[in-house]
>>> print(open('input35.cif').read())   # mmCIF, C-alpha atoms
data_protein
loop_
_atom_site.label_atom_id
_atom_site.label_comp_id
_atom_site.auth_asym_id
_atom_site.auth_seq_id
_atom_site.Cartn_x
_atom_site.Cartn_y
_atom_site.Cartn_z
CA MET Z 1 9.86 -0.34 -4.62
CA PHE Z 2 10.05 1.99 -1.61
CA PHE Z 3 13.67 1.83 -0.54
CA SER Z 4 16.78 3.08 -2.28
CA LYS Z 5 19.15 0.23 -1.48
CA ARG Z 6 18.63 -3.15 -3.10
CA SER Z 7 17.62 -5.59 -0.41
CA ARG Z 8 14.97 -8.07 0.55
CA TYR Z 9 11.79 -6.96 2.25
CA HIS Z 10 9.44 -8.22 4.88
CA GLY Z 11 5.74 -7.61 5.14
CA LEU Z 12 3.01 -7.86 7.73
CA VAL Z 13 -0.63 -8.11 6.82
CA LEU Z 14 -2.74 -6.48 9.51
CA TYR Z 15 -6.47 -7.04 9.53
CA ILE Z 16 -8.24 -3.91 10.71
CA TYR Z 17 -11.60 -4.45 12.40
CA HIS Z 18 -13.51 -1.26 11.66
CA ASP Z 19 -16.80 -0.20 10.10
CA GLN Z 20 -15.44 -1.54 6.83
CA PRO Z 21 -12.92 -4.24 7.81
CA HIS Z 22 -9.93 -4.59 5.51
CA PRO Z 23 -6.33 -5.78 5.39
CA LEU Z 24 -3.35 -3.45 5.53
CA LEU Z 25 0.10 -4.46 4.29
CA LEU Z 26 3.09 -2.95 6.08
CA VAL Z 27 6.40 -3.20 4.25
CA MET Z 28 9.86 -2.92 5.79
CA PRO Z 29 13.47 -3.82 4.98
CA GLU Z 30 14.44 -7.21 6.30
CA ASP Z 31 17.04 -5.75 8.69
CA VAL Z 32 14.36 -4.03 10.84
CA ALA Z 33 11.67 -6.71 10.53
CA GLY Z 34 12.36 -8.40 13.87
CA ASP Z 35 12.11 -5.16 15.86
CA VAL Z 36 9.05 -3.93 13.99
CA LEU Z 37 7.25 -7.27 14.31
CA SER Z 38 8.01 -7.39 18.03
CA THR Z 39 6.57 -3.90 18.59
CA ILE Z 40 3.49 -4.56 16.44
CA LYS Z 41 2.77 -7.85 18.24
CA LYS Z 42 3.06 -6.16 21.65
CA PHE Z 43 0.77 -3.37 20.51
CA GLU Z 44 -1.70 -5.88 19.08
CA LYS Z 45 -2.20 -7.29 22.60
CA SER Z 46 -2.36 -3.85 24.23
CA ALA Z 47 -5.54 -2.21 25.47
CA LEU Z 48 -4.50 0.77 23.32
CA ASN Z 49 -5.18 -1.29 20.17
CA ALA Z 50 -8.77 -0.08 20.07
CA GLN Z 51 -10.77 2.23 17.85
CA GLU Z 52 -11.31 4.68 20.70
CA TYR Z 53 -7.54 5.20 20.96
CA ILE Z 54 -6.16 4.79 17.42
CA GLY Z 55 -9.27 5.52 15.35
CA GLN Z 56 -9.68 3.78 12.02
CA LEU Z 57 -6.33 1.98 12.39
CA GLY Z 58 -7.72 -0.27 15.05
CA PRO Z 59 -8.29 -2.60 16.44
CA PHE Z 60 -6.05 -4.73 14.26
CA SER Z 61 -4.51 -8.17 14.37
CA VAL Z 62 -1.51 -9.56 12.53
CA VAL Z 63 -2.87 -12.22 10.20
CA HIS Z 64 0.06 -12.94 7.93
CA GLU Z 65 3.80 -12.47 7.77
CA ILE Z 66 5.66 -12.40 4.46
CA GLN Z 67 9.43 -12.83 4.43
CA GLY Z 68 12.14 -12.34 1.86
CA PHE Z 69 10.42 -10.77 -1.14
CA GLU Z 70 12.06 -8.29 -3.49
CA LYS Z 71 9.08 -6.66 -5.19
CA ILE Z 72 5.36 -5.99 -4.76
CA THR Z 73 3.01 -5.73 -7.71
CA ILE Z 74 -0.42 -4.23 -7.10
CA HIS Z 75 -3.12 -5.67 -9.35
CA HIS Z 76 -6.10 -3.87 -7.83
CA ASP Z 77 -5.30 -0.21 -7.30
CA THR Z 78 -8.85 1.12 -6.91
CA LEU Z 79 -9.16 0.02 -3.30
CA SER Z 80 -7.80 2.58 -0.85
CA TRP Z 81 -6.18 -0.13 1.26
CA SER Z 82 -4.67 -2.15 -1.59
CA GLU Z 83 -1.47 -0.10 -1.67
CA PRO Z 84 1.13 -1.29 0.85
CA ILE Z 85 2.45 1.31 3.27
CA LEU Z 86 5.88 1.76 4.77
CA TYR Z 87 6.25 0.76 8.39
CA THR Z 88 7.56 4.27 9.14
CA ASP Z 89 4.33 5.85 7.83
CA PHE Z 90 2.20 3.46 9.88
CA ALA Z 91 4.33 4.21 12.96
CA LYS Z 92 3.87 7.96 12.43
CA LYS Z 93 0.09 7.60 12.24
CA ILE Z 94 -0.03 5.50 15.42
CA SER Z 95 2.46 7.74 17.24
CA ASP Z 96 0.51 10.89 16.38
CA ARG Z 97 -2.73 9.39 17.66
CA LEU Z 98 -1.12 8.15 20.86
CA GLN Z 99 0.47 11.53 21.56
CA ASP Z 100 -2.94 13.14 21.24
CA LEU Z 101 -4.08 10.90 24.10
CA MET Z 102 -1.44 12.01 26.61
CA ASP Z 103 -3.76 14.32 28.55
CA GLN Z 104 -6.87 12.18 28.44
CA VAL Z 105 -5.74 8.59 28.95
CA GLN Z 106 -6.69 6.67 32.08
CA PRO Z 107 -3.90 6.52 34.67
CA ASP Z 108 -3.64 2.72 34.42
CA LEU Z 109 -2.76 3.03 30.70
CA GLU Z 110 -0.32 5.92 31.04
CA GLU Z 111 2.84 3.82 31.38
CA GLU Z 112 1.87 1.65 28.43
CA LEU Z 113 1.05 4.76 26.38
CA VAL Z 114 4.47 6.31 27.06
CA TYR Z 115 6.19 3.03 26.16
CA PHE Z 116 4.40 2.73 22.82
CA ILE Z 117 4.89 6.40 21.95
CA GLY Z 118 8.62 5.79 22.36
CA GLU Z 119 8.57 2.58 20.32
CA PHE Z 120 6.54 4.01 17.45
CA THR Z 121 8.56 7.25 17.43
CA MET Z 122 11.76 5.22 17.18
CA MET Z 123 10.18 3.12 14.41
CA GLN Z 124 9.00 6.26 12.60
CA ASP Z 125 12.49 7.80 12.78
CA ASN Z 126 14.06 4.56 11.54
CA GLY Z 127 15.74 4.25 14.93
CA PHE Z 128 15.78 0.45 14.75
CA VAL Z 129 18.57 0.60 12.18
CA ALA Z 130 22.12 0.94 13.57
CA PRO Z 131 23.83 4.10 12.28
CA PHE Z 132 26.97 2.21 11.20
#
>>> encode(input="input35.cif", output="structure tokens")
Amino acid sequence: MFFSKRSRYHGLVLYIYHDQPHPLLLVMPEDVAGDVLSTIKKFEKSALNAQEYIGQLGPFSVVHEIQGFEKITIHHDTLSWSEPILYTDFAKKISDRLQDLMDQVQPDLEEELVYFIGEFTMMQDNGFVAPF
């Protein structure tokens, strides 16, 4: 799988509404799933969850939650979106796009933008996991 320690995993299936709509599976260790899901659900409802802000990653909606699995087997590897991605990689992509907006976002979205940049940066840096 993706992680070095043996544990159970959690997944979120996001449905991305784009020119070619498709699902995206985010995978994370079970110990960060609650924090990641909370952030993703908040972002899903945000005005920033739009193609004009996050490009081809949006808008998305959470359509399925998978809990407690130990392994993923891909049976169709020719589709670019069939491979699951780590939540940290998804967070980096979102964070990078949001940071690019800092100078051009409308003032009414600025506070929300700063909040989500912080959340996705923490997610990207694995900051949801306690260091002890």
>>> residues_around(input="input35.cif", residues="segment 39-52 of chain Z", least_positions_apart="4", cutoff="10 Å", atoms="all atoms listed in the file", output="JSON list (two decimals) with C-alpha atoms, in the coordinates of the input")
[["chain", "number", "residue", "atom", "x", "y", "z"],
["Z", 12, "LEU", "CA", 3.01, -7.86, 7.73],
["Z", 14, "LEU", "CA", -2.74, -6.48, 9.51],
["Z", 16, "ILE", "CA", -8.24, -3.91, 10.71],
["Z", 17, "TYR", "CA", -11.60, -4.45, 12.40],
["Z", 18, "HIS", "CA", -13.51, -1.26, 11.66],
["Z", 33, "ALA", "CA", 11.67, -6.71, 10.53],
["Z", 34, "GLY", "CA", 12.36, -8.40, 13.87],
["Z", 35, "ASP", "CA", 12.11, -5.16, 15.86],
["Z", 56, "GLN", "CA", -9.68, 3.78, 12.02],
["Z", 57, "LEU", "CA", -6.33, 1.98, 12.39],
["Z", 58, "GLY", "CA", -7.72, -0.27, 15.05],
["Z", 59, "PRO", "CA", -8.29, -2.60, 16.44],
["Z", 60, "PHE", "CA", -6.05, -4.73, 14.26],
["Z", 61, "SER", "CA", -4.51, -8.17, 14.37],
["Z", 62, "VAL", "CA", -1.51, -9.56, 12.53],
["Z", 91, "ALA", "CA", 4.33, 4.21, 12.96],
["Z", 94, "ILE", "CA", -0.03, 5.50, 15.42],
["Z", 98, "LEU", "CA", -1.12, 8.15, 20.86],
["Z", 105, "VAL", "CA", -5.74, 8.59, 28.95],
["Z", 109, "LEU", "CA", -2.76, 3.03, 30.70],
["Z", 112, "GLU", "CA", 1.87, 1.65, 28.43],
["Z", 113, "LEU", "CA", 1.05, 4.76, 26.38],
["Z", 116, "PHE", "CA", 4.40, 2.73, 22.82],
["Z", 119, "GLU", "CA", 8.57, 2.58, 20.32],
["Z", 120, "PHE", "CA", 6.54, 4.01, 17.45],
["Z", 123, "MET", "CA", 10.18, 3.12, 14.41]]
>>> atom_distance(input="input35.cif", atom1="atom CA of Gln67 of chain Z", atom2="atom CA of Glu83 of chain Z")
17.8 Å
>>> residues_around(input="input35.cif", residues="Val27 of chain Z", least_positions_apart="5", cutoff="8 Å", atoms="only C-alpha atoms", output="PyMOL selection string")
chain Z and resi 9-12+84-87
>>> write_last_selection(input="input35.cif", atoms="C-alpha atoms", output="tab-separated table (two decimals), in the frame of the given file")
chain	number	residue	atom	x	y	z
Z	9	TYR	CA	11.79	-6.96	2.25
Z	10	HIS	CA	9.44	-8.22	4.88
Z	11	GLY	CA	5.74	-7.61	5.14
Z	12	LEU	CA	3.01	-7.86	7.73
Z	84	PRO	CA	1.13	-1.29	0.85
Z	85	ILE	CA	2.45	1.31	3.27
Z	86	LEU	CA	5.88	1.76	4.77
Z	87	TYR	CA	6.25	0.76	8.39
>>> atom_distance(input="input35.cif", atom1="atom CA of Val13 of chain Z", atom2="atom CA of Gly118 of chain Z")
22.8 Å
>>> atom_distance(input="input35.cif", atom1="atom CA of Pro29 of chain Z", atom2="atom CA of Ile54 of chain Z")
24.8 Å
>>> closest_residue(input="input35.cif", among="Z:His64, Z:Asp108, Z:Gln20, Z:Phe69", to="Ser7 of chain Z", atoms="only C-alpha atoms")
Z:Phe69
>>> closest_residue(input="input35.cif", among="Z:Thr88, Z:His22, Z:Leu37, Z:Gln106", to="Asn126 of chain Z", atoms="all atoms listed in the file")
Z:Thr88
